[in-house]
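Inspection log for the structure reproduced underneath, given as structure tokens.
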Amino acid sequence: MTVGAYPPAERGRAVAAWTAATGAAGVVGNVGGGLVMQYLPWRALFGVPVLLAAVLAVLVAVMVPRAPRHPAGLDPAGTALLTAASLALLTGIIEGPEVGWGSTLVLTSFVLAAVLFAVFVGHQLRSPAPLLDPRLFAVARLRAGTLGVAVAFFGLFALFFVNARFLQEVKGFSPLLAGVAILPLVIPMIVASRLSGRLPVRPAVTAGLAGVVGGLVLMSFADAAMPYPLYAAGLVVIGSAVGLCLPVLSHEIMAALPRERAGLGSGLNSATRELGSAIGVAVMGTVMTTGGLAAGYRVVAAVVLAGALPVVWWLRAGAGWHPPLPGGR
């Protein structure tokens, strides 16, 4: 996101709009996927996004304001290490229920992930142009924003992973109806995103992450007998909570870095969302395989809660002095 292209007074609203759009995109994907599955061959799921991406690329090129560019080096080694570490971690989580948590594959995956993450950190500390300098996380609000975004998307995409399957296989909805049935998530998300900037940072984040936890616990009681309005109430809770906290958390990431590092802030924001989403899907699928839907939601809720506690604490700690960023900034 080209935050630097906006005047300081408008950046909070820009981040809120960006956050609402990216969160809503997952819901739009559910509805669009339902339409495709209802009326087109399943292979169209891979073709339709390509056409949409091409149209959006043209619109971005024409409409997005230009921001000043700052020189930055590439870090192919750091990129490869971080990608490999994330892949190893996800492999261990996904394969655990199938081949056993004590199997050679799973244990090797977790050990390899730990080693690669450690090597990545060491490489970043030595690199003249690091992909992500770990010393940046000395800033409390940057830590809070990064972890908060990750756990919020962890919970949100765990929900996305099971929603369509539950509605179709348990409730008997058609693919299109299953896509439409998640709409109670998106409207509160957009409304709350617009309102979040009017609230103090710590209360907004605390209420938002608490709402995600509560909504996931409510969803854990979903079964064939649960009326859809009650199911939709859980979606409303989660959508409102995500809309309340995500713009604030994203803004904390951007505001913790100087303007010339806005690109790093945008990249960090996107990377934590993707990593949180991927791990959320992996954990939900893993727990469901062994413990069922209710256990999956409750484990995901527990993880979100465990992540929310340091986020809220760091926001309190970050209200005062901030240590200097690497490079003397």
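Ligands are numbered from 1 in the order shown, chains are lettered A, B, ... in the order of the structure tokens, and residues start at 1 in each chain.
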key: DSSP helix (DSSP H, G or I) selection over segment 23-224 of chain A, as a PyMOL selection string   = chain A and resi 23-39+44-63+76-99+104-126+134-138+140-170+175-180+183-196+201-219
Would you write out, as a tab-separated table, a table of all residues in segment 179-218 of chain A that have an atom no more than 10 Å from an atom of segment 225-230 of chain A, listing for each the closest atom pair and the distance in Å to one decimal, considering only C-alpha atoms and ordering rows by chain and rising residue number?
```
residue	atom	partner	partner_atom	distance
A:Ala181	CA	A:Tyr228	CA	8.6
A:Pro184	CA	A:Pro229	CA	9.8
A:Leu218	CA	A:Leu230	CA	9.1
```
For the selection just defined, write its residues with all heavy atoms to a file, as a PDB file, in the first residue's frame.
```pdb
ATOM      1  N   ALA A 181     -24.202 -17.169   2.410  1.00  0.00           N
ATOM      2  CA  ALA A 181     -24.484 -17.283   3.843  1.00  0.00           C
ATOM      3  C   ALA A 181     -23.391 -16.707   4.719  1.00  0.00           C
ATOM      4  O   ALA A 181     -23.604 -16.517   5.919  1.00  0.00           O
ATOM      5  CB  ALA A 181     -24.705 -18.750   4.210  1.00  0.00           C
ATOM      6  N   PRO A 184     -23.039 -12.146   6.398  1.00  0.00           N
ATOM      7  CA  PRO A 184     -23.100 -11.443   7.690  1.00  0.00           C
ATOM      8  C   PRO A 184     -21.736 -11.149   8.299  1.00  0.00           C
ATOM      9  O   PRO A 184     -21.640 -10.385   9.261  1.00  0.00           O
ATOM     10  CB  PRO A 184     -23.890 -12.415   8.578  1.00  0.00           C
ATOM     11  CG  PRO A 184     -24.743 -13.170   7.633  1.00  0.00           C
ATOM     12  CD  PRO A 184     -23.905 -13.349   6.402  1.00  0.00           C
ATOM     13  N   LEU A 218     -18.188 -19.331  20.068  1.00  0.00           N
ATOM     14  CA  LEU A 218     -19.593 -19.489  19.693  1.00  0.00           C
ATOM     15  C   LEU A 218     -19.743 -20.417  18.496  1.00  0.00           C
ATOM     16  O   LEU A 218     -20.622 -21.290  18.470  1.00  0.00           O
ATOM     17  CB  LEU A 218     -20.201 -18.118  19.382  1.00  0.00           C
ATOM     18  CG  LEU A 218     -21.671 -18.105  18.933  1.00  0.00           C
ATOM     19  CD1 LEU A 218     -22.582 -18.720  19.996  1.00  0.00           C
ATOM     20  CD2 LEU A 218     -22.117 -16.679  18.601  1.00  0.00           C
TER      21      LEU A 218
END
```
inquiry  = Report, in Å to a single decimal, how far apart atom CA of Pro97 of chain A and atom CA of Gly33 of chain A are.
reply    =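 We find that atom CA of Gly33 of chain A and atom CA of Pro97 of chain A lie 28.2 Å from each other.
As for atom CA of Pro310 of chain A and atom CA of Thr146 of chain A, they are spaced 11.3 Å apart.
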inquiry  = Nearest residue to Met288 of chain A out of A:Ala53, A:Leu275, A:Ala25, A:Ala158, using only C-alpha atoms?
reply    =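 For Met288 of chain A, the nearest of the candidates is A:Ala158.
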key: Shell around Ser196 of chain A at 12 Å using only C-alpha atoms, local window under 5 positions removed, as a count of residues only   = 31
key: Shell of 7 Å around Gly148 of chain A, only C-alpha atoms, local chain residues under 2 positions omitted, as a list in words   =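 Surrounding residues, per the criterion: Ala144, Gly145, Thr146, Ala150, Val151, Ala152, Leu249, Ala308 and Val311 of chain A.
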Please produce a file of the residues just selected, as a compact mmCIF listing (two decimals), in the first residue's frame, where the atoms kept are all heavy atoms.
```txt
# COMPACT_ATOMS: atom_id res chain seq x y z
N ALA A 144 3.52 -5.47 18.39
CA ALA A 144 2.08 -5.63 18.64
C ALA A 144 1.31 -5.71 17.34
O ALA A 144 0.44 -6.58 17.16
CB ALA A 144 1.58 -4.47 19.50
N GLY A 145 1.58 -4.80 16.42
CA GLY A 145 0.85 -4.80 15.17
C GLY A 145 1.09 -6.07 14.36
O GLY A 145 0.15 -6.66 13.81
N THR A 146 2.34 -6.52 14.32
CA THR A 146 2.67 -7.71 13.53
C THR A 146 2.00 -8.96 14.09
O THR A 146 1.35 -9.71 13.37
CB THR A 146 4.20 -7.89 13.50
OG1 THR A 146 4.79 -6.72 12.95
CG2 THR A 146 4.57 -9.09 12.64
N ALA A 150 -1.29 -11.14 12.58
CA ALA A 150 -1.12 -12.57 12.32
C ALA A 150 -2.19 -13.40 13.02
O ALA A 150 -2.80 -14.28 12.40
CB ALA A 150 0.28 -13.01 12.77
N VAL A 151 -2.46 -13.13 14.31
CA VAL A 151 -3.43 -13.96 15.02
C VAL A 151 -4.86 -13.66 14.57
O VAL A 151 -5.71 -14.56 14.56
CB VAL A 151 -3.30 -13.82 16.55
CG1 VAL A 151 -1.95 -14.30 17.03
CG2 VAL A 151 -3.57 -12.40 17.02
N ALA A 152 -5.15 -12.41 14.17
CA ALA A 152 -6.48 -12.10 13.66
C ALA A 152 -6.76 -12.87 12.38
O ALA A 152 -7.84 -13.46 12.19
CB ALA A 152 -6.63 -10.60 13.44
N LEU A 249 -4.30 -2.25 14.07
CA LEU A 249 -3.06 -3.01 14.09
C LEU A 249 -2.21 -2.72 12.86
O LEU A 249 -0.99 -2.57 12.95
CB LEU A 249 -3.38 -4.51 14.18
CG LEU A 249 -3.98 -4.97 15.51
CD1 LEU A 249 -4.60 -6.36 15.36
CD2 LEU A 249 -2.93 -4.98 16.61
N ALA A 308 -3.17 -12.66 21.68
CA ALA A 308 -3.73 -11.35 22.02
C ALA A 308 -3.13 -10.78 23.29
O ALA A 308 -2.99 -9.55 23.42
CB ALA A 308 -5.25 -11.47 22.17
N VAL A 311 0.04 -8.87 22.68
CA VAL A 311 -0.27 -7.72 21.82
C VAL A 311 -0.79 -6.56 22.66
O VAL A 311 -0.33 -5.42 22.54
CB VAL A 311 -1.31 -8.12 20.75
CG1 VAL A 311 -1.87 -6.88 20.05
CG2 VAL A 311 -0.69 -9.06 19.72
```
task = Quote the spacing between atom CA of Gly122 of chain A and atom CA of Val303 of chain A in Å to one decimal place.
result =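 Distance reported for this atom pair: 27.3 Å.
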Shell of 10 Å around Ala129 of chain A, only C-alpha atoms, local chain residues under 3 positions omitted, as an MDAnalysis selection string = chainID A and resid 72:75 78 124:126 132:133
query = For Met254 of chain A, which residue out of A:Arg194, A:Arg141, A:His123, A:Lys171 is the nearest one, using only C-alpha atoms?
reply =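 Closest candidate: A:Arg141.
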key: Among listed residues A:Leu216, A:Leu268, A:Val236, A:Ala306, nearest Leu183 of chain A (using only C-alpha atoms)   =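 Of all the options, A:Val236 lies closest to Leu183 of chain A.
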ask   = Do you know which residues are at most 9 Å from Ser86 of chain A counting only C-alpha atoms, after dropping those on the same chain fewer than 4 positions away, and could you put them as a list in words?
value =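 Selected residues are Leu81, Leu82, Leu90, Thr91, Ala113, Leu116, Phe117 and Leu275 of chain A.
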Preceding selection exported with C-alpha atoms as a PDB file, in the first residue's frame:
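Okay, out.pdb is ready:
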```
ATOM      1  CA  LEU A  81      15.395 -19.041   4.043  1.00  0.00           C
ATOM      2  CA  LEU A  82      12.101 -17.542   5.244  1.00  0.00           C
ATOM      3  CA  LEU A  90       3.405 -25.987   7.650  1.00  0.00           C
ATOM      4  CA  THR A  91       4.497 -29.448   6.515  1.00  0.00           C
ATOM      5  CA  ALA A 113      11.812 -25.089  10.571  1.00  0.00           C
ATOM      6  CA  LEU A 116      15.975 -22.333   9.211  1.00  0.00           C
ATOM      7  CA  PHE A 117      14.248 -19.585  11.218  1.00  0.00           C
ATOM      8  CA  LEU A 275       1.576 -16.518   7.237  1.00  0.00           C
TER       9      LEU A 275
END
```
request  = Would you kindly return, as an NGL selection string, each protein, DNA or RNA residue with an atom no farther than 9 Å from any atom of Val213 of chain A, considering only C-alpha atoms and excluding same-chain residues fewer than 2 positions away?
outcome  = :A and (155 or 208-211 or 215-218 or 238 or 298 or 300-305)
query = Which is closer to Val170 of chain A than all the others in A:Ala114, A:Leu235, A:Val312, A:Ala222, using only C-alpha atoms?
reply = A:Ala222
